[in-house]
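Next up, upload_19.cif (mmCIF, C-alpha atoms and all ligand atoms):
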```
data_structure
#
loop_
_atom_site.group_PDB
_atom_site.id
_atom_site.type_symbol
_atom_site.label_atom_id
_atom_site.label_comp_id
_atom_site.auth_asym_id
_atom_site.auth_seq_id
_atom_site.Cartn_x
_atom_site.Cartn_y
_atom_site.Cartn_z
ATOM 1 C CA MET E 1 39.991 -31.732 5.371
ATOM 2 C CA VAL E 2 39.254 -29.694 2.265
ATOM 3 C CA GLU E 3 38.205 -26.054 2.012
ATOM 4 C CA VAL E 4 37.244 -23.961 -1.007
ATOM 5 C CA CYS E 5 37.861 -20.230 -1.471
ATOM 6 C CA LEU E 6 35.808 -18.840 -4.354
ATOM 7 C CA SER E 7 37.711 -15.579 -4.890
ATOM 8 C CA PRO E 8 41.031 -13.932 -3.973
ATOM 9 C CA GLU E 9 38.955 -11.206 -2.269
ATOM 10 C CA LEU E 10 37.935 -13.794 0.360
ATOM 11 C CA ILE E 11 41.402 -15.177 1.062
ATOM 12 C CA HIS E 12 41.839 -13.051 4.216
ATOM 13 C CA LEU E 13 39.085 -15.162 5.824
ATOM 14 C CA TYR E 14 41.171 -18.344 5.517
ATOM 15 C CA GLU E 15 44.494 -19.714 6.713
ATOM 16 C CA VAL E 16 46.650 -21.435 4.080
ATOM 17 C CA LYS E 17 49.680 -22.057 6.309
ATOM 18 C CA SER E 18 50.641 -25.772 6.440
ATOM 19 C CA LYS E 19 48.070 -26.619 3.743
ATOM 20 C CA ILE E 20 48.336 -27.829 0.169
ATOM 21 C CA VAL E 21 46.866 -25.082 -2.004
ATOM 22 C CA VAL E 22 45.547 -25.883 -5.469
ATOM 23 C CA VAL E 23 45.399 -22.696 -7.560
ATOM 24 C CA ILE E 24 42.538 -22.843 -10.082
ATOM 25 C CA ASP E 25 42.189 -20.512 -13.061
ATOM 26 C CA ILE E 26 40.611 -22.675 -15.734
ATOM 27 C CA LEU E 27 40.315 -19.830 -18.300
ATOM 28 C CA ARG E 28 43.199 -19.756 -18.756
ATOM 29 C CA ALA E 29 46.238 -19.370 -16.505
ATOM 30 C CA SER E 30 46.188 -22.781 -14.818
ATOM 31 C CA SER E 31 45.416 -24.563 -18.118
ATOM 32 C CA THR E 32 48.294 -22.660 -19.741
ATOM 33 C CA ILE E 33 50.831 -23.492 -17.010
ATOM 34 C CA VAL E 34 49.915 -27.195 -17.083
ATOM 35 C CA THR E 35 50.015 -27.338 -20.900
ATOM 36 C CA ALA E 36 53.311 -25.451 -21.133
ATOM 37 C CA LEU E 37 55.014 -27.871 -18.724
ATOM 38 C CA GLU E 38 53.535 -30.877 -20.545
ATOM 39 C CA SER E 39 54.798 -29.425 -23.849
ATOM 40 C CA GLY E 40 58.475 -29.210 -22.954
ATOM 41 C CA VAL E 41 58.706 -25.968 -20.954
ATOM 42 C CA VAL E 42 61.012 -26.891 -18.060
ATOM 43 C CA ALA E 43 59.869 -24.325 -15.487
ATOM 44 C CA VAL E 44 57.183 -21.662 -15.086
ATOM 45 C CA ARG E 45 57.786 -18.726 -12.762
ATOM 46 C CA THR E 46 54.588 -16.782 -12.020
ATOM 47 C CA GLU E 47 54.757 -13.049 -11.384
ATOM 48 C CA ALA E 48 51.731 -10.936 -10.477
ATOM 49 C CA ASP E 49 53.574 -7.816 -11.664
ATOM 50 C CA LEU E 50 54.190 -7.251 -15.393
ATOM 51 C CA THR E 51 57.478 -5.361 -14.974
ATOM 52 C CA ALA E 52 58.898 -8.027 -12.656
ATOM 53 C CA CYS E 53 57.821 -10.675 -15.167
ATOM 54 C CA LYS E 54 59.582 -8.943 -18.056
ATOM 55 C CA ALA E 55 62.707 -8.413 -15.903
ATOM 56 C CA LEU E 56 63.095 -12.195 -15.587
ATOM 57 C CA GLU E 57 64.347 -12.183 -19.188
ATOM 58 C CA THR E 58 67.732 -11.247 -17.699
ATOM 59 C CA GLN E 59 67.670 -14.646 -15.921
ATOM 60 C CA GLN E 60 67.078 -16.727 -19.058
ATOM 61 C CA TYR E 61 63.291 -16.808 -18.731
ATOM 62 C CA GLU E 62 61.094 -16.048 -21.739
ATOM 63 C CA ALA E 63 58.322 -13.623 -20.790
ATOM 64 C CA ALA E 64 54.615 -14.425 -21.228
ATOM 65 C CA ALA E 65 51.728 -12.193 -20.245
ATOM 66 C CA GLU E 66 48.093 -11.260 -20.610
ATOM 67 C CA ARG E 67 45.850 -8.541 -19.227
ATOM 68 C CA ASN E 68 42.071 -8.624 -19.680
ATOM 69 C CA GLY E 69 42.512 -11.610 -21.986
ATOM 70 C CA GLU E 70 44.766 -9.651 -24.389
ATOM 71 C CA PRO E 71 48.422 -10.340 -25.211
ATOM 72 C CA ILE E 72 50.929 -7.679 -24.075
ATOM 73 C CA GLU E 73 53.196 -5.947 -26.558
ATOM 74 C CA GLY E 74 56.843 -6.824 -26.067
ATOM 75 C CA PHE E 75 56.120 -10.220 -24.510
ATOM 76 C CA ARG E 76 57.192 -13.158 -26.689
ATOM 77 C CA TRP E 77 54.512 -15.521 -25.301
ATOM 78 C CA THR E 78 50.835 -15.199 -24.340
ATOM 79 C CA ASN E 79 48.426 -16.891 -21.931
ATOM 80 C CA SER E 80 47.061 -19.240 -24.615
ATOM 81 C CA PRO E 81 47.589 -22.945 -23.842
ATOM 82 C CA LEU E 82 47.465 -23.658 -27.581
ATOM 83 C CA GLN E 83 50.531 -21.496 -28.154
ATOM 84 C CA TYR E 84 52.539 -24.097 -26.186
ATOM 85 C CA TYR E 85 50.750 -27.355 -26.986
ATOM 86 C CA GLN E 86 52.878 -29.512 -29.286
ATOM 87 C CA ASN E 87 54.962 -26.453 -30.198
ATOM 88 C CA PRO E 88 58.639 -27.416 -30.606
ATOM 89 C CA GLU E 89 59.606 -23.798 -29.835
ATOM 90 C CA SER E 90 58.482 -24.197 -26.240
ATOM 91 C CA ASN E 91 60.795 -27.159 -25.751
ATOM 92 C CA GLY E 92 63.469 -26.575 -23.090
ATOM 93 C CA ILE E 93 62.568 -22.964 -22.283
ATOM 94 C CA LYS E 94 61.866 -21.417 -18.873
ATOM 95 C CA LEU E 95 58.769 -19.230 -18.844
ATOM 96 C CA ALA E 96 57.919 -16.193 -16.703
ATOM 97 C CA LEU E 97 54.130 -15.671 -16.736
ATOM 98 C CA SER E 98 51.995 -12.774 -15.533
ATOM 99 C CA THR E 99 48.180 -12.831 -15.855
ATOM 100 C CA THR E 100 45.213 -10.799 -14.673
ATOM 101 C CA ASN E 101 44.031 -13.127 -11.896
ATOM 102 C CA GLY E 102 45.754 -16.510 -11.711
ATOM 103 C CA THR E 103 49.304 -15.394 -10.939
ATOM 104 C CA ARG E 104 47.999 -13.173 -8.138
ATOM 105 C CA CYS E 105 46.526 -16.264 -6.423
ATOM 106 C CA VAL E 106 49.941 -17.917 -6.429
ATOM 107 C CA GLN E 107 51.372 -14.808 -4.760
ATOM 108 C CA LEU E 108 48.585 -14.857 -2.142
ATOM 109 C CA SER E 109 49.332 -18.541 -1.369
ATOM 110 C CA GLN E 110 52.990 -18.098 -0.423
ATOM 111 C CA ALA E 111 52.408 -19.176 3.208
ATOM 112 C CA ALA E 112 51.153 -22.595 2.089
ATOM 113 C CA ASP E 113 53.119 -25.782 2.634
ATOM 114 C CA THR E 114 52.769 -26.765 -1.033
ATOM 115 C CA ILE E 115 51.228 -25.091 -4.097
ATOM 116 C CA LEU E 116 49.804 -27.045 -7.041
ATOM 117 C CA ILE E 117 48.184 -25.886 -10.255
ATOM 118 C CA GLY E 118 44.841 -27.546 -11.008
ATOM 119 C CA SER E 119 43.047 -27.734 -14.346
ATOM 120 C CA PHE E 120 40.597 -30.036 -16.129
ATOM 121 C CA LEU E 121 43.592 -31.109 -18.218
ATOM 122 C CA ASN E 122 45.297 -32.745 -15.217
ATOM 123 C CA LEU E 123 42.258 -33.314 -12.968
ATOM 124 C CA GLN E 124 42.665 -37.012 -12.269
ATOM 125 C CA ALA E 125 46.443 -36.902 -11.746
ATOM 126 C CA THR E 126 46.033 -34.018 -9.284
ATOM 127 C CA ALA E 127 43.306 -35.886 -7.362
ATOM 128 C CA GLU E 128 45.329 -39.103 -7.252
ATOM 129 C CA TRP E 129 48.377 -37.334 -5.837
ATOM 130 C CA LEU E 130 46.311 -35.334 -3.312
ATOM 131 C CA ASN E 131 44.670 -38.544 -2.099
ATOM 132 C CA ARG E 132 48.070 -39.812 -0.954
ATOM 133 C CA GLN E 133 48.839 -36.701 1.136
ATOM 134 C CA GLU E 134 48.048 -36.212 4.820
ATOM 135 C CA LYS E 135 47.801 -32.430 4.888
ATOM 136 C CA ASP E 136 44.707 -30.242 4.660
ATOM 137 C CA ILE E 137 43.789 -29.197 1.123
ATOM 138 C CA PHE E 138 42.753 -25.730 0.033
ATOM 139 C CA LEU E 139 41.125 -25.170 -3.366
ATOM 140 C CA PHE E 140 41.747 -21.555 -4.377
ATOM 141 C CA CYS E 141 39.641 -20.214 -7.262
ATOM 142 C CA ALA E 142 41.043 -17.197 -9.114
ATOM 143 C CA GLY E 143 37.725 -15.873 -10.458
ATOM 144 C CA TRP E 144 37.758 -12.632 -12.429
ATOM 145 C CA LYS E 145 38.972 -9.396 -10.777
ATOM 146 C CA GLY E 146 37.648 -10.463 -7.386
ATOM 147 C CA LYS E 147 34.361 -11.869 -8.690
ATOM 148 C CA VAL E 148 33.410 -15.542 -8.543
ATOM 149 C CA SER E 149 33.604 -17.474 -11.798
ATOM 150 C CA LEU E 150 31.572 -20.480 -12.917
ATOM 151 C CA GLU E 151 34.480 -22.352 -14.500
ATOM 152 C CA ASP E 152 36.770 -22.169 -11.467
ATOM 153 C CA SER E 153 33.923 -23.068 -9.086
ATOM 154 C CA LEU E 154 32.871 -26.008 -11.270
ATOM 155 C CA PHE E 155 36.416 -27.342 -11.427
ATOM 156 C CA ALA E 156 36.771 -26.989 -7.633
ATOM 157 C CA GLY E 157 33.666 -29.195 -7.367
ATOM 158 C CA ALA E 158 35.071 -31.726 -9.857
ATOM 159 C CA LEU E 159 38.306 -32.021 -7.897
ATOM 160 C CA LEU E 160 36.600 -32.066 -4.511
ATOM 161 C CA CYS E 161 34.339 -34.914 -5.629
ATOM 162 C CA GLN E 162 37.436 -37.005 -6.450
ATOM 163 C CA LEU E 163 39.114 -36.411 -3.086
ATOM 164 C CA SER E 164 39.028 -38.827 -0.199
ATOM 165 C CA ALA E 165 39.502 -35.945 2.291
ATOM 166 C CA LYS E 166 36.241 -34.632 3.743
ATOM 167 C CA PRO E 167 35.053 -31.038 3.240
ATOM 168 C CA ASN E 168 35.417 -28.787 6.277
ATOM 169 C CA PRO E 169 31.854 -28.677 7.726
ATOM 170 C CA GLN E 170 32.298 -24.913 8.283
ATOM 171 C CA CYS E 171 32.854 -24.371 4.546
ATOM 172 C CA ASP E 172 29.578 -23.977 2.651
ATOM 173 C CA ALA E 173 31.545 -23.176 -0.518
ATOM 174 C CA SER E 174 32.681 -26.835 -0.532
ATOM 175 C CA THR E 175 29.081 -28.058 -0.474
ATOM 176 C CA MET E 176 28.138 -25.514 -3.126
ATOM 177 C CA VAL E 177 30.856 -26.496 -5.625
ATOM 178 C CA ALA E 178 30.302 -30.228 -5.090
ATOM 179 C CA GLN E 179 26.594 -29.785 -5.856
ATOM 180 C CA LEU E 180 27.403 -27.619 -8.861
ATOM 181 C CA TRP E 181 29.634 -30.379 -10.246
ATOM 182 C CA ASN E 182 27.065 -33.088 -9.584
ATOM 183 C CA LEU E 183 24.442 -31.048 -11.440
ATOM 184 C CA HIS E 184 26.592 -30.228 -14.475
ATOM 185 C CA ARG E 185 29.200 -32.991 -14.788
ATOM 186 C CA ASP E 186 27.490 -34.351 -17.926
ATOM 187 C CA ASN E 187 27.066 -30.977 -19.653
ATOM 188 C CA VAL E 188 30.236 -29.103 -18.719
ATOM 189 C CA THR E 189 30.638 -27.193 -21.991
ATOM 190 C CA GLU E 190 26.980 -26.151 -22.243
ATOM 191 C CA PHE E 191 26.935 -25.040 -18.610
ATOM 192 C CA LEU E 192 30.188 -23.116 -18.865
ATOM 193 C CA ALA E 193 28.968 -21.301 -21.979
ATOM 194 C CA GLU E 194 27.046 -19.189 -19.407
ATOM 195 C CA SER E 195 30.320 -18.047 -17.830
ATOM 196 C CA ALA E 196 31.261 -14.371 -18.161
ATOM 197 C CA HIS E 197 34.883 -15.132 -18.990
ATOM 198 C CA TYR E 198 33.845 -17.766 -21.544
ATOM 199 C CA LYS E 199 31.860 -15.025 -23.312
ATOM 200 C CA ARG E 200 34.702 -12.520 -22.928
ATOM 201 C CA LEU E 201 37.253 -14.886 -24.492
ATOM 202 C CA ASN E 202 34.789 -16.140 -27.115
ATOM 203 C CA ASN E 203 34.204 -12.535 -28.241
ATOM 204 C CA LYS E 204 37.963 -12.200 -28.725
ATOM 205 C CA GLY E 205 37.959 -15.198 -31.113
ATOM 206 C CA LEU E 206 39.452 -17.585 -28.537
ATOM 207 C CA ALA E 207 36.878 -20.402 -28.837
ATOM 208 C CA GLU E 208 39.591 -23.015 -29.533
ATOM 209 C CA ASP E 209 41.450 -22.041 -26.365
ATOM 210 C CA ILE E 210 38.246 -22.393 -24.365
ATOM 211 C CA GLN E 211 37.448 -25.861 -25.710
ATOM 212 C CA PHE E 212 41.018 -26.970 -25.017
ATOM 213 C CA CYS E 213 40.812 -25.751 -21.398
ATOM 214 C CA PHE E 214 37.675 -27.900 -20.875
ATOM 215 C CA ARG E 215 39.318 -31.145 -22.042
ATOM 216 C CA GLN E 216 39.494 -33.562 -19.133
ATOM 217 C CA ASN E 217 42.574 -35.627 -18.309
ATOM 218 C CA LEU E 218 44.587 -34.939 -21.427
ATOM 219 C CA PHE E 219 47.653 -35.154 -19.152
ATOM 220 C CA THR E 220 47.541 -38.073 -16.737
ATOM 221 C CA GLU E 221 51.112 -38.668 -15.584
ATOM 222 C CA ASN E 222 52.070 -35.565 -13.587
ATOM 223 C CA ILE E 223 51.062 -32.944 -11.123
ATOM 224 C CA VAL E 224 52.249 -29.352 -11.441
ATOM 225 C CA ILE E 225 53.909 -28.245 -8.220
ATOM 226 C CA LEU E 226 55.880 -25.221 -6.969
ATOM 227 C CA HIS E 227 59.475 -26.248 -6.389
ATOM 228 C CA GLU E 228 61.494 -23.431 -4.825
ATOM 229 C CA LYS E 229 60.362 -20.493 -7.005
ATOM 230 C CA ASP E 230 59.238 -22.313 -10.147
ATOM 231 C CA PHE E 231 56.355 -24.541 -11.121
ATOM 232 C CA VAL E 232 57.546 -27.829 -12.536
ATOM 233 C CA LYS E 233 55.878 -31.096 -13.440
ATOM 234 C CA GLN E 234 56.351 -34.025 -11.107
ATOM 235 C CA ALA E 235 55.356 -37.638 -11.766
ATOM 236 C CA ILE E 236 52.443 -38.725 -9.572
HETATM 237 C C1 LIG S 1 43.852 -14.750 -15.730
HETATM 238 O O1 LIG S 1 44.815 -15.174 -15.079
HETATM 239 O O2 LIG S 1 43.245 -13.763 -15.396
HETATM 240 C C2 LIG S 1 43.318 -15.456 -16.951
HETATM 241 O O3 LIG S 1 44.082 -16.529 -17.239
HETATM 242 C C3 LIG S 1 42.931 -14.504 -18.032
HETATM 243 C C4 LIG S 1 42.966 -15.062 -19.429
HETATM 244 O O4 LIG S 1 42.021 -15.706 -19.876
HETATM 245 O O5 LIG S 1 43.963 -14.868 -20.145
#
```
Take the structure I supplied and represent it as structure tokens, if you would.
Amino acid sequence: MVEVCLSPELIHLYEVKSKIVVVIDILRASSTIVTALESGVVAVRTEADLTACKALETQQYEAAAERNGEPIEGFRWTNSPLQYYQNPESNGIKLALSTTNGTRCVQLSQAADTILIGSFLNLQATAEWLNRQEKDIFLFCAGWKGKVSLEDSLFAGALLCQLSAKPNPQCDASTMVAQLWNLHRDNVTEFLAESAHYKRLNNKGLAEDIQFCFRQNLFTENIVILHEKDFVKQAI
């Protein structure tokens, strides 16, 4: 079965143990992690805490961070997927990433059997791989500081609509996101222009990042999965 959690503030109402969790933070953490790994980064360690993230530099990680959509002084890398995409400098590095919302969801999912990162960029590959698994699936939307976000909810609907597993009948959020996707699947960009975080990032001059995060199935060969402590890409 599939369940959807629309915000980290609701996670205490669910059980993730033994499930496959898909962490969703379309703008921009999950899009950044997927893009970094598809652009030659060999591993991404997520850290909710900025100091712990920076400390990973002593273990050959390069530090990347963002708070409130802004880069952090002293961190070599940011949370922009376009900083990694087709950038030869990201080739072969290990990245430690801390963001406002997305990395916290990974931390809150530690009891899960498996953790994936979902984004529009690897939507189909993620669905294909999930459709071969037997375990329950949990779609975990990062939102913004505890609030629900349109882009994460819409993506949860897009993924759910490609899954063969049935939504848990007790989970109205599953029905909600599936209907949201069915209403807006042909006008994703126009619909998501209403999103609060779209406007926040757009006001910071990050329109190119936003458009990149909405591209569907740019990466079709791999899922992004937590292996021991690091996210890596794995062929589907
Ligand atoms: C987050 O994790 O909160 C986001 O990715 C924020 C951002 O757009 O950088």
Residues near E:Ala127, cut-off 8 Å, only C-alpha atoms, skip fewer than 2 positions along chain, as a ChimeraX atom specification | /E:123-125,129-131,159,162-163
Go through chain E residue by residue and, counting only C-alpha atoms and all ligand atoms, keep those with an atom at most 8 Å from ligand LIG 1 (chain S); for each kept residue give the shortest atom pair and its distance in Å to one decimal, ordered by chain and increasing number, as CSV.
```
residue,atom,partner,partner_atom,distance
E:Asp25,CA,S:LIG1,O3,6.1
E:Ile26,CA,S:LIG1,O3,7.2
E:Leu27,CA,S:LIG1,O4,4.7
E:Arg28,CA,S:LIG1,O3,3.7
E:Ala29,CA,S:LIG1,O3,3.6
E:Ser30,CA,S:LIG1,O3,7.0
E:Thr32,CA,S:LIG1,O3,7.8
E:Glu66,CA,S:LIG1,O5,5.5
E:Arg67,CA,S:LIG1,O5,6.7
E:Asn68,CA,S:LIG1,C3,6.2
E:Gly69,CA,S:LIG1,O5,4.0
E:Glu70,CA,S:LIG1,O5,6.8
E:Asn79,CA,S:LIG1,O5,5.2
E:Ser80,CA,S:LIG1,O5,7.0
E:Ser98,CA,S:LIG1,O1,7.6
E:Thr99,CA,S:LIG1,O1,4.2
E:Thr100,CA,S:LIG1,O2,3.6
E:Asn101,CA,S:LIG1,O2,3.6
E:Gly102,CA,S:LIG1,O1,3.7
E:Thr103,CA,S:LIG1,O1,6.1
E:Arg104,CA,S:LIG1,O1,7.9
E:Ala142,CA,S:LIG1,O1,7.3
E:Gly143,CA,S:LIG1,O2,7.7
E:Trp144,CA,S:LIG1,O2,6.3
E:Lys145,CA,S:LIG1,O2,7.7
E:His197,CA,S:LIG1,O4,7.2
E:Leu201,CA,S:LIG1,O4,6.7
```
Taking the file as shown, find all residues satisfying the PyMOL selection byres (((chain E and resi 219) around 12) and not hetatm) and write them as a VMD selection string.
-> chain E and resid 31 34 to 39 85 118 to 126 213 215 to 218 220 to 224 233 to 236
Quick one: residues within 7 Å of E:Ser153, only C-alpha atoms counted, chain neighbours fewer than 4 positions away excluded, as number ranges by chain?
-> E: 6, 141, 149, 157, 177
For E:Leu206, which residue among E:Gln83, E:Thr51, E:Ala111, E:Ile72 is the nearest when counting all atoms listed in the file?
->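 Nearest candidate to E:Leu206 out of E:Gln83, E:Thr51, E:Ala111, E:Ile72: E:Gln83.
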Of the listed residues E:Lys229, E:Ile11, E:Val21, E:Leu50, that which approaches E:Leu116 most closely, counting all atoms listed in the file | E:Val21
Mind giving me the straight-line distance from atom CA of E:Thr78 to atom CA of E:Val188 in Å, one decimal?
->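 Computing it gives 25.5 Å between the two atoms.
Counting all atoms listed in the file, the residue from E:Gly205, E:Leu180, E:Met1, E:Val148 that sits nearest to E:Pro167 is E:Met1.
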For E:Leu183, the nearest of the candidates E:Gln107, E:Leu10, E:Ser90, E:Ala158, counting only C-alpha atoms |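 Counting only C-alpha atoms, the residue closest to E:Leu183 is E:Ala158.
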Figure out the distance between atom CA of E:Glu128 and atom CA of E:Asp230, please, to one decimal in Å.
->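 Atom-to-atom, atom CA of E:Asp230 to atom CA of E:Glu128, that is 22.0 Å.
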Nearest to E:Val4 among E:Ala48, E:Ala178, E:Leu95, E:Leu108, with distances taken over all atoms listed in the file: which residue is it?
->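 Smallest separation from E:Val4 among the options: E:Ala178.
Note that the spacing between atom CA of E:Ala165 and atom CA of E:Val232 amounts to 24.7 Å.
Nearest residue to E:Tyr84, choosing from E:Ile24, E:Ala196, E:Val106, E:Val41 and counting all atoms listed in the file: E:Val41.
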List the neighbours of stretch 189-194 of chain E out to 10 Å using all atoms listed in the file; skip same-chain residues closer than 5 positions along the sequence, and give me the result as a PyMOL selection string.
-> chain E and resi 149-152+154+183-184+199+202+210-211+214-215
